[in-house]
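Have a look at model.txt; it's compact mmCIF, C-alpha atoms and all ligand atoms:
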# COMPACT_ATOMS: atom_id res chain seq x y z
CA MET A 8 18.12 93.20 -4.68
CA SER A 9 16.75 90.18 -6.48
CA SER A 10 13.13 89.29 -5.91
CA ALA A 11 13.71 85.71 -6.95
CA VAL A 12 13.39 83.38 -4.01
CA GLU A 13 14.91 79.98 -4.25
CA VAL A 14 12.50 77.46 -2.79
CA ARG A 15 14.20 74.40 -1.43
CA PRO A 16 12.76 71.66 0.75
CA ALA A 17 13.84 72.00 4.36
CA ALA A 18 16.82 69.79 5.08
CA GLY A 19 15.04 67.22 7.22
CA ALA A 20 16.68 64.49 9.21
CA SER A 21 16.26 61.97 6.41
CA ALA A 22 18.02 64.18 3.87
CA LEU A 23 20.93 64.68 6.26
CA ALA A 24 21.00 61.04 7.27
CA ALA A 25 22.32 60.16 3.83
CA ALA A 26 25.57 61.90 4.78
CA ARG A 27 26.06 59.81 7.93
CA THR A 28 27.89 56.56 7.45
CA PRO A 29 28.07 53.91 10.14
CA THR A 30 31.23 51.82 10.21
CA THR A 31 31.58 48.45 11.90
CA ARG A 32 33.41 48.65 15.21
CA ARG A 33 35.22 46.25 17.53
CA TYR A 34 34.67 46.80 21.21
CA LEU A 35 36.11 45.27 24.37
CA MET A 36 33.73 44.92 27.32
CA CYS A 37 33.87 43.40 30.81
CA ALA A 38 30.73 42.00 32.46
CA PRO A 39 29.93 43.67 35.83
CA LYS A 40 30.01 40.32 37.65
CA PHE A 41 31.69 41.87 40.70
CA PHE A 42 30.18 45.36 40.34
CA THR A 43 29.51 47.27 43.58
CA VAL A 44 30.00 50.79 44.84
CA GLU A 45 32.17 50.28 47.90
CA TYR A 46 34.45 53.31 47.65
CA ALA A 47 33.89 56.84 46.32
CA ILE A 48 36.37 58.24 43.81
CA ASN A 49 33.95 60.52 41.96
CA PRO A 50 30.89 62.56 43.06
CA TRP A 51 28.41 60.02 41.59
CA MET A 52 29.54 57.23 43.94
CA ASP A 53 27.81 56.83 47.28
CA PRO A 54 28.76 53.57 49.04
CA SER A 55 25.74 53.92 51.36
CA GLU A 56 23.30 53.69 48.43
CA PRO A 57 22.20 50.13 47.54
CA VAL A 58 23.46 48.71 44.24
CA SER A 59 22.17 45.62 42.45
CA THR A 60 24.88 43.64 40.70
CA GLU A 61 22.14 41.64 38.99
CA ARG A 62 20.52 44.74 37.50
CA ALA A 63 23.93 46.02 36.42
CA LEU A 64 24.51 42.70 34.62
CA GLU A 65 21.13 42.98 32.86
CA GLN A 66 21.78 46.56 31.76
CA TRP A 67 25.28 45.69 30.58
CA GLY A 68 23.88 42.70 28.65
CA GLU A 69 21.38 44.97 26.93
CA LEU A 70 24.18 47.40 25.98
CA LYS A 71 26.22 44.53 24.51
CA ARG A 72 23.21 43.22 22.56
CA THR A 73 22.54 46.72 21.24
CA TYR A 74 26.06 46.88 19.77
CA GLU A 75 25.69 43.41 18.27
CA SER A 76 22.32 44.27 16.75
CA LEU A 77 24.03 47.23 15.06
CA GLY A 78 26.55 44.84 13.51
CA HIS A 79 29.48 45.53 15.81
CA VAL A 80 31.85 42.92 17.23
CA VAL A 81 32.12 42.71 21.01
CA GLU A 82 35.07 40.98 22.68
CA GLU A 83 34.97 40.23 26.39
CA ILE A 84 37.60 40.21 29.11
CA GLU A 85 37.10 38.07 32.22
CA PRO A 86 35.97 40.15 35.24
CA GLN A 87 38.04 39.82 38.41
CA PRO A 88 36.86 39.64 42.03
CA GLY A 89 37.86 42.65 44.12
CA LEU A 90 37.86 44.99 41.09
CA PRO A 91 34.26 46.33 41.09
CA ASP A 92 35.01 49.07 38.52
CA MET A 93 36.58 46.68 35.99
CA VAL A 94 33.31 46.89 34.01
CA PHE A 95 34.49 50.33 32.87
CA ALA A 96 36.66 48.92 30.10
CA ALA A 97 37.20 52.32 28.49
CA ASN A 98 39.59 53.22 31.29
CA SER A 99 42.09 50.47 30.60
CA GLY A 100 43.49 51.12 27.17
CA THR A 101 43.63 53.47 24.21
CA VAL A 102 43.91 51.67 20.88
CA VAL A 103 44.58 53.72 17.76
CA HIS A 104 45.88 52.27 14.46
CA GLY A 105 46.42 48.95 16.24
CA ARG A 106 48.81 50.46 18.80
CA VAL A 107 47.91 50.08 22.46
CA LEU A 108 48.63 52.51 25.25
CA GLY A 109 47.73 50.88 28.57
CA ALA A 110 46.44 52.54 31.72
CA ARG A 111 47.78 53.75 35.03
CA PHE A 112 44.99 54.58 37.46
CA ARG A 113 44.89 57.49 39.87
CA ALA A 114 43.02 55.57 42.60
CA ALA A 115 44.71 52.64 44.34
CA GLU A 116 41.35 50.81 44.31
CA ARG A 117 41.49 50.53 40.50
CA ALA A 118 45.24 50.08 40.00
CA GLY A 119 44.99 46.29 39.61
CA GLU A 120 42.76 46.50 36.52
CA ALA A 121 45.51 47.73 34.19
CA GLU A 122 47.54 44.51 34.29
CA PHE A 123 44.55 42.26 33.41
CA TYR A 124 43.89 44.37 30.33
CA ARG A 125 47.58 44.45 29.38
CA ARG A 126 47.57 40.65 29.41
CA TRP A 127 44.37 40.54 27.38
CA PHE A 128 46.02 42.59 24.65
CA LEU A 129 49.09 40.36 24.57
CA GLU A 130 46.95 37.21 24.48
CA HIS A 131 44.90 38.63 21.62
CA GLY A 132 47.73 39.30 19.24
CA TYR A 133 48.59 42.91 20.00
CA ARG A 134 52.35 43.35 19.67
CA ASP A 135 52.60 47.06 20.24
CA VAL A 136 51.50 47.41 23.87
CA VAL A 137 53.09 50.12 26.01
CA MET A 138 52.26 50.86 29.63
CA PRO A 139 52.41 54.56 30.57
CA SER A 140 54.55 56.15 33.26
CA ASN A 141 52.09 59.02 33.82
CA ILE A 142 48.62 58.58 35.28
CA ASN A 143 46.45 57.74 32.30
CA GLU A 144 42.82 56.59 32.49
CA ALA A 145 42.72 55.75 28.81
CA GLU A 146 39.51 56.39 26.90
CA GLY A 147 37.99 57.90 30.00
CA ASP A 148 40.12 60.90 29.06
CA PHE A 149 41.21 60.14 25.49
CA ALA A 150 38.83 60.45 22.55
CA TRP A 151 39.93 59.68 19.01
CA SER A 152 38.28 62.14 16.64
CA GLY A 153 39.62 61.11 13.25
CA ARG A 154 42.74 63.25 13.01
CA VAL A 155 43.53 64.19 16.58
CA LEU A 156 43.28 62.54 19.95
CA LEU A 157 41.33 64.79 22.31
CA ALA A 158 42.78 64.46 25.79
CA GLY A 159 41.18 65.48 29.07
CA THR A 160 42.92 66.43 32.27
CA GLY A 161 41.98 68.13 35.52
CA PHE A 162 40.70 65.26 37.64
CA ARG A 163 42.22 61.93 36.59
CA THR A 164 44.68 61.74 33.70
CA ASP A 165 47.91 63.70 34.27
CA PRO A 166 48.72 66.38 31.69
CA GLY A 167 52.07 64.61 31.21
CA ALA A 168 50.15 61.58 29.89
CA HIS A 169 49.07 63.66 26.91
CA ALA A 170 52.61 64.13 25.57
CA GLU A 171 53.29 60.48 26.38
CA ALA A 172 50.22 59.39 24.37
CA GLN A 173 51.33 61.51 21.41
CA GLU A 174 54.78 59.90 21.41
CA ILE A 175 53.58 56.32 21.91
CA LEU A 176 50.52 56.36 19.65
CA GLY A 177 52.08 58.70 17.08
CA VAL A 178 49.00 60.87 16.70
CA PRO A 179 48.52 64.57 17.47
CA VAL A 180 47.10 65.17 20.92
CA VAL A 181 45.01 68.19 21.90
CA SER A 182 44.81 68.85 25.66
CA LEU A 183 41.50 69.92 27.16
CA LYS A 184 40.98 71.00 30.74
CA LEU A 185 37.97 69.71 32.69
CA VAL A 186 36.71 71.97 35.48
CA ASP A 187 33.50 70.42 36.89
CA PRO A 188 34.04 67.46 39.29
CA ARG A 189 30.80 65.77 38.10
CA TYR A 190 32.41 65.52 34.66
CA TYR A 191 35.69 64.10 35.89
CA HIS A 192 36.55 62.20 32.71
CA LEU A 193 36.48 63.63 29.18
CA ASP A 194 33.98 60.93 28.16
CA THR A 195 31.42 62.32 30.61
CA ALA A 196 31.52 65.73 28.87
CA LEU A 197 32.17 64.99 25.18
CA THR A 198 31.18 62.32 22.64
CA VAL A 199 32.82 61.85 19.28
CA LEU A 200 29.90 61.44 16.87
CA ASP A 201 31.89 61.06 13.67
CA ASP A 202 35.56 60.07 13.68
CA SER A 203 36.00 60.06 9.91
CA ARG A 204 39.15 61.86 8.73
CA ASP A 205 37.36 64.41 6.64
CA ASN A 206 34.19 65.06 8.58
CA PRO A 207 34.86 64.83 12.32
CA LEU A 208 32.03 65.89 14.60
CA VAL A 209 31.55 65.94 18.37
CA THR A 210 28.95 66.90 20.93
CA TYR A 211 30.02 68.38 24.26
CA TYR A 212 28.86 70.26 27.32
CA PRO A 213 30.80 73.56 27.21
CA ASP A 214 30.65 74.37 30.94
CA ALA A 215 32.57 71.20 31.78
CA PHE A 216 35.64 72.79 30.14
CA SER A 217 37.92 75.70 31.04
CA PRO A 218 37.40 78.88 28.97
CA GLY A 219 40.55 78.22 26.92
CA SER A 220 39.50 74.64 26.19
CA GLN A 221 36.04 75.84 25.14
CA ARG A 222 37.72 78.09 22.58
CA VAL A 223 39.87 75.19 21.35
CA LEU A 224 36.76 73.04 20.87
CA GLU A 225 35.03 75.88 18.99
CA LEU A 226 38.02 76.20 16.67
CA LEU A 227 38.33 72.47 16.04
CA PHE A 228 34.60 71.73 15.77
CA PRO A 229 32.67 74.83 14.70
CA ASP A 230 29.64 72.63 13.85
CA ALA A 231 29.62 70.73 17.15
CA VAL A 232 26.32 69.87 18.80
CA LEU A 233 26.33 71.80 22.08
CA ALA A 234 24.80 69.78 24.90
CA THR A 235 22.86 71.24 27.80
CA GLU A 236 23.31 70.82 31.52
CA ALA A 237 20.35 68.36 31.53
CA ASP A 238 21.97 66.29 28.76
CA ALA A 239 25.19 66.10 30.77
CA ALA A 240 23.54 65.45 34.15
CA CYS A 241 22.20 62.00 33.09
CA LEU A 242 25.63 61.16 31.64
CA GLY A 243 24.12 61.70 28.20
CA LEU A 244 27.55 62.61 26.86
CA ASN A 245 28.82 59.16 27.72
CA GLY A 246 27.42 57.91 24.41
CA VAL A 247 28.96 55.66 21.77
CA SER A 248 28.70 56.46 18.06
CA ASP A 249 29.56 54.42 14.97
CA GLY A 250 29.21 57.45 12.73
CA TYR A 251 25.42 57.09 12.44
CA ASN A 252 23.99 55.11 15.36
CA VAL A 253 24.53 56.74 18.75
CA VAL A 254 23.91 54.67 21.89
CA LEU A 255 22.75 56.90 24.76
CA PRO A 256 21.34 56.59 28.28
CA THR A 257 17.51 56.40 28.33
CA GLU A 258 17.17 59.83 29.94
CA ALA A 259 19.17 61.61 27.22
CA THR A 260 16.18 62.13 24.92
CA ALA A 261 16.77 65.87 24.39
CA LEU A 262 20.33 65.20 23.22
CA GLY A 263 19.09 62.25 21.14
CA THR A 264 16.55 64.49 19.42
CA ALA A 265 19.23 67.10 18.70
CA LEU A 266 21.44 64.39 17.21
CA GLU A 267 18.60 63.03 15.07
CA ALA A 268 18.07 66.53 13.67
CA ARG A 269 21.70 66.31 12.52
CA GLY A 270 21.13 62.99 10.78
CA PHE A 271 22.16 60.54 13.49
CA ARG A 272 20.02 57.75 14.89
CA ALA A 273 19.66 57.52 18.68
CA HIS A 274 19.39 54.19 20.51
CA TYR A 275 18.61 54.29 24.21
CA VAL A 276 19.81 51.95 26.95
CA ASP A 277 19.05 51.94 30.68
CA ILE A 278 22.31 52.39 32.58
CA SER A 279 20.80 53.55 35.89
CA GLU A 280 22.69 50.99 37.98
CA LEU A 281 26.08 51.68 36.38
CA ARG A 282 25.52 55.42 36.73
CA LYS A 283 25.66 54.95 40.52
CA SER A 284 29.38 54.48 39.93
CA GLY A 285 29.62 57.43 37.55
CA GLY A 286 29.56 55.31 34.39
CA GLY A 287 27.47 55.01 31.24
CA PRO A 288 27.62 53.29 27.83
CA LYS A 289 31.01 54.69 26.79
CA CYS A 290 32.68 53.89 30.11
CA CYS A 291 31.74 50.23 29.56
CA THR A 292 33.15 50.21 26.04
CA MET A 293 36.75 50.29 24.85
CA GLU A 294 37.10 50.65 21.10
CA LEU A 295 39.67 48.42 19.41
CA ARG A 296 40.73 50.55 16.44
CA ALA A 297 42.62 48.66 13.75
N1 LIG B 301 33.70 54.43 39.27
C1 LIG B 301 34.56 54.61 38.13
C2 LIG B 301 35.65 55.62 38.46
O1 LIG B 301 35.39 56.56 39.16
C3 LIG B 301 33.78 55.07 36.95
C4 LIG B 301 34.59 55.16 35.70
C5 LIG B 301 33.79 55.58 34.52
N2 LIG B 301 34.53 55.47 33.33
C6 LIG B 301 34.63 56.43 32.41
N3 LIG B 301 35.21 56.12 31.29
N4 LIG B 301 34.20 57.63 32.62
O2 LIG B 301 36.77 55.49 38.03
Render the structure in this file as structure tokens.
Amino acid sequence: MSSAVEVRPAAGASALAAARTPTTRRYLMCAPKFFTVEYAINPWMDPSEPVSTERALEQWGELKRTYESLGHVVEEIEPQPGLPDMVFAANSGTVVHGRVLGARFRAAERAGEAEFYRRWFLEHGYRDVVMPSNINEAEGDFAWSGRVLLAGTGFRTDPGAHAEAQEILGVPVVSLKLVDPRYYHLDTALTVLDDSRDNPLVTYYPDAFSPGSQRVLELLFPDAVLATEADAACLGLNGVSDGYNVVLPTEATALGTALEARGFRAHYVDISELRKSGGGPKCCTMELRA
């Protein structure tokens, strides 16, 4: 046994940060002008609890300004009366390599949103826009991770939408089963932190997934940051990352600290009003991937 001990400085956050590279993103958002909670389609929604549309608008504005201050481009789609959940732009399209797969909602209350987004894509130069035949709540359940599209099912998106997404988007799809009704969409249980081809990284809350899906995630992402129940319970996994900066709900400080120890930078936004509908930063943000 050698007695020589190699002394190296501890790999602190700043040393690791050098490896994290932010890339400029394009997002599509929809102001919560008509936001209310008047029906309940997930366990977070309680129509008897008061909701302030004005506060939701302020919080949404702060989220948008946060993205812009990080150098990202934010496009907006016009909100529509009678569609209070239209603010959750992530649910209305999955855009990978410039191809668009539209949405088909499970709940009748949200069905009308899909067509407004389809038109937005056509009016903004997208030529490859396909509407799905299976129920598909877009980035609520689809997360691009650099080489594969992670796809949730169990509560909203039909498993058949996964094969459909693979065929239409032309990317490999990995199905994951969600088992906890509080984490009804994949983006409430998992955040892609780094979607670079060679260094993909995610954070997720293991208990939100079936045992088989937990093993799949371990195989795909052996270095993943494992989130706790407390991280998940404030919708902390509904974050948005550009590869370095991660936008998180204010309460998700434990997760933010864990991410900073891995070289990321956490930015906190108050989403308390939007959370009354079961949404956070990611739900409000569709990524337009060229
Ligand atoms: N109230 C909305 C619903 O239940 C919230 C959607 C949140 N969006 C998301 N990407 N998780 O459909």
task = Pick out the residues no farther than 9 Å from ligand LIG 301 (chain B), counting only C-alpha atoms and all ligand atoms, and list them as a PyMOL selection string.
result = chain A and resi 44+46-52+91-99+112-114+117+144-148+163+190-195+245+281-293
Using only C-alpha atoms, can you list as a PDB file with C-alpha atoms, keeping the file's coordinate frame the residues within 6 Å of (35.0, 49.7, 20.6)?
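The new file out_27.pdb reads:
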ATOM      1  CA  ARG A  32      33.410  48.650  15.210  1.00  0.00           C
ATOM      2  CA  ARG A  33      35.220  46.250  17.530  1.00  0.00           C
ATOM      3  CA  TYR A  34      34.670  46.800  21.210  1.00  0.00           C
ATOM      4  CA  LEU A  35      36.110  45.270  24.370  1.00  0.00           C
ATOM      5  CA  THR A 292      33.150  50.210  26.040  1.00  0.00           C
ATOM      6  CA  MET A 293      36.750  50.290  24.850  1.00  0.00           C
ATOM      7  CA  GLU A 294      37.100  50.650  21.100  1.00  0.00           C
ATOM      8  CA  LEU A 295      39.670  48.420  19.410  1.00  0.00           C
TER       9      LEU A 295
END
note = Counting all atoms listed in the file, closest pick from A:Leu77, A:Ala239, A:Leu90, A:Asp165 relative to Arg111 of chain A is A:Asp165
Once you count all atoms listed in the file, what closest atom pair and distance in Å to one decimal does each residue of segment 99-132 of chain A within 10 Å of segment 177-185 of chain A have, with rows by chain and rising residue number, as a Markdown table?
| residue | atom | partner | partner_atom | distance |
| --- | --- | --- | --- | --- |
| A:Val103 | CA | A:Val178 | CA | 8.5 |
| A:His104 | CA | A:Gly177 | CA | 9.3 |
| A:Arg106 | CA | A:Gly177 | CA | 9.0 |
query = Neighbours of Pro213 of chain A within 12 Å (all atoms listed in the file; same-chain residues fewer than 5 positions away dropped), as a PyMOL selection string?
reply = chain A and resi 183-187+190+193+195-197+218-225+231-236+238-239+244
Pull C-alpha atoms from the residues just selected and write them as a compact mmCIF listing (two decimals), in the frame of the given file.
# COMPACT_ATOMS: atom_id res chain seq x y z
CA LEU A 183 41.50 69.92 27.16
CA LYS A 184 40.98 71.00 30.74
CA LEU A 185 37.97 69.71 32.69
CA VAL A 186 36.71 71.97 35.48
CA ASP A 187 33.50 70.42 36.89
CA TYR A 190 32.41 65.52 34.66
CA LEU A 193 36.48 63.63 29.18
CA THR A 195 31.42 62.32 30.61
CA ALA A 196 31.52 65.73 28.87
CA LEU A 197 32.17 64.99 25.18
CA PRO A 218 37.40 78.88 28.97
CA GLY A 219 40.55 78.22 26.92
CA SER A 220 39.50 74.64 26.19
CA GLN A 221 36.04 75.84 25.14
CA ARG A 222 37.72 78.09 22.58
CA VAL A 223 39.87 75.19 21.35
CA LEU A 224 36.76 73.04 20.87
CA GLU A 225 35.03 75.88 18.99
CA ALA A 231 29.62 70.73 17.15
CA VAL A 232 26.32 69.87 18.80
CA LEU A 233 26.33 71.80 22.08
CA ALA A 234 24.80 69.78 24.90
CA THR A 235 22.86 71.24 27.80
CA GLU A 236 23.31 70.82 31.52
CA ASP A 238 21.97 66.29 28.76
CA ALA A 239 25.19 66.10 30.77
CA LEU A 244 27.55 62.61 26.86
Can you rebuild segment 76-99 of chain A with N, CA and C atoms and give it as a PDB file, in the coordinates of the input?
ATOM      1  N   SER A  76      23.430  44.096  17.699  1.00  0.00           N
ATOM      2  CA  SER A  76      22.320  44.270  16.750  1.00  0.00           C
ATOM      3  C   SER A  76      22.658  45.341  15.704  1.00  0.00           C
ATOM      4  N   LEU A  77      23.605  46.202  16.032  1.00  0.00           N
ATOM      5  CA  LEU A  77      24.030  47.230  15.060  1.00  0.00           C
ATOM      6  C   LEU A  77      25.169  46.713  14.171  1.00  0.00           C
ATOM      7  N   GLY A  78      25.540  45.451  14.372  1.00  0.00           N
ATOM      8  CA  GLY A  78      26.550  44.840  13.510  1.00  0.00           C
ATOM      9  C   GLY A  78      27.977  44.934  14.031  1.00  0.00           C
ATOM     10  N   HIS A  79      28.131  45.398  15.257  1.00  0.00           N
ATOM     11  CA  HIS A  79      29.480  45.530  15.810  1.00  0.00           C
ATOM     12  C   HIS A  79      29.947  44.231  16.472  1.00  0.00           C
ATOM     13  N   VAL A  80      31.257  44.112  16.626  1.00  0.00           N
ATOM     14  CA  VAL A  80      31.850  42.920  17.230  1.00  0.00           C
ATOM     15  C   VAL A  80      32.225  43.257  18.671  1.00  0.00           C
ATOM     16  N   VAL A  81      31.785  42.443  19.612  1.00  0.00           N
ATOM     17  CA  VAL A  81      32.120  42.710  21.010  1.00  0.00           C
ATOM     18  C   VAL A  81      32.987  41.572  21.555  1.00  0.00           C
ATOM     19  N   GLU A  82      34.185  41.928  21.999  1.00  0.00           N
ATOM     20  CA  GLU A  82      35.070  40.980  22.680  1.00  0.00           C
ATOM     21  C   GLU A  82      34.857  41.165  24.169  1.00  0.00           C
ATOM     22  N   GLU A  83      35.142  40.098  24.941  1.00  0.00           N
ATOM     23  CA  GLU A  83      34.970  40.230  26.390  1.00  0.00           C
ATOM     24  C   GLU A  83      36.245  39.845  27.124  1.00  0.00           C
ATOM     25  N   ILE A  84      36.496  40.546  28.210  1.00  0.00           N
ATOM     26  CA  ILE A  84      37.600  40.210  29.110  1.00  0.00           C
ATOM     27  C   ILE A  84      36.971  39.690  30.393  1.00  0.00           C
ATOM     28  N   GLU A  85      37.624  38.718  31.015  1.00  0.00           N
ATOM     29  CA  GLU A  85      37.100  38.070  32.220  1.00  0.00           C
ATOM     30  C   GLU A  85      37.126  39.046  33.421  1.00  0.00           C
ATOM     31  N   PRO A  86      35.972  39.270  34.056  1.00  0.00           N
ATOM     32  CA  PRO A  86      35.970  40.150  35.240  1.00  0.00           C
ATOM     33  C   PRO A  86      36.707  39.506  36.405  1.00  0.00           C
ATOM     34  N   GLN A  87      37.236  40.333  37.289  1.00  0.00           N
ATOM     35  CA  GLN A  87      38.040  39.820  38.410  1.00  0.00           C
ATOM     36  C   GLN A  87      37.431  40.225  39.744  1.00  0.00           C
ATOM     37  N   PRO A  88      37.366  39.289  40.698  1.00  0.00           N
ATOM     38  CA  PRO A  88      36.860  39.640  42.030  1.00  0.00           C
ATOM     39  C   PRO A  88      37.732  40.714  42.674  1.00  0.00           C
ATOM     40  N   GLY A  89      37.091  41.608  43.431  1.00  0.00           N
ATOM     41  CA  GLY A  89      37.860  42.650  44.120  1.00  0.00           C
ATOM     42  C   GLY A  89      38.131  43.867  43.253  1.00  0.00           C
ATOM     43  N   LEU A  90      37.685  43.828  41.986  1.00  0.00           N
ATOM     44  CA  LEU A  90      37.860  44.990  41.090  1.00  0.00           C
ATOM     45  C   LEU A  90      36.466  45.402  40.574  1.00  0.00           C
ATOM     46  N   PRO A  91      35.659  46.048  41.445  1.00  0.00           N
ATOM     47  CA  PRO A  91      34.260  46.330  41.090  1.00  0.00           C
ATOM     48  C   PRO A  91      34.087  47.307  39.925  1.00  0.00           C
ATOM     49  N   ASP A  92      35.115  48.109  39.625  1.00  0.00           N
ATOM     50  CA  ASP A  92      35.010  49.070  38.520  1.00  0.00           C
ATOM     51  C   ASP A  92      35.594  48.523  37.210  1.00  0.00           C
ATOM     52  N   MET A  93      35.955  47.235  37.196  1.00  0.00           N
ATOM     53  CA  MET A  93      36.580  46.680  35.990  1.00  0.00           C
ATOM     54  C   MET A  93      35.629  46.689  34.795  1.00  0.00           C
ATOM     55  N   VAL A  94      34.317  46.779  35.081  1.00  0.00           N
ATOM     56  CA  VAL A  94      33.310  46.890  34.010  1.00  0.00           C
ATOM     57  C   VAL A  94      33.570  48.101  33.112  1.00  0.00           C
ATOM     58  N   PHE A  95      34.258  49.121  33.648  1.00  0.00           N
ATOM     59  CA  PHE A  95      34.490  50.330  32.870  1.00  0.00           C
ATOM     60  C   PHE A  95      35.729  50.164  31.995  1.00  0.00           C
ATOM     61  N   ALA A  96      35.557  49.335  30.973  1.00  0.00           N
ATOM     62  CA  ALA A  96      36.660  48.920  30.100  1.00  0.00           C
ATOM     63  C   ALA A  96      37.351  50.095  29.426  1.00  0.00           C
ATOM     64  N   ALA A  97      36.615  51.169  29.187  1.00  0.00           N
ATOM     65  CA  ALA A  97      37.200  52.320  28.490  1.00  0.00           C
ATOM     66  C   ALA A  97      38.416  52.873  29.205  1.00  0.00           C
ATOM     67  N   ASN A  98      38.507  52.624  30.506  1.00  0.00           N
ATOM     68  CA  ASN A  98      39.590  53.220  31.290  1.00  0.00           C
ATOM     69  C   ASN A  98      40.906  52.464  31.220  1.00  0.00           C
ATOM     70  N   SER A  99      40.911  51.315  30.516  1.00  0.00           N
ATOM     71  CA  SER A  99      42.090  50.470  30.600  1.00  0.00           C
ATOM     72  C   SER A  99      42.925  50.359  29.345  1.00  0.00           C
TER      73      SER A  99
END
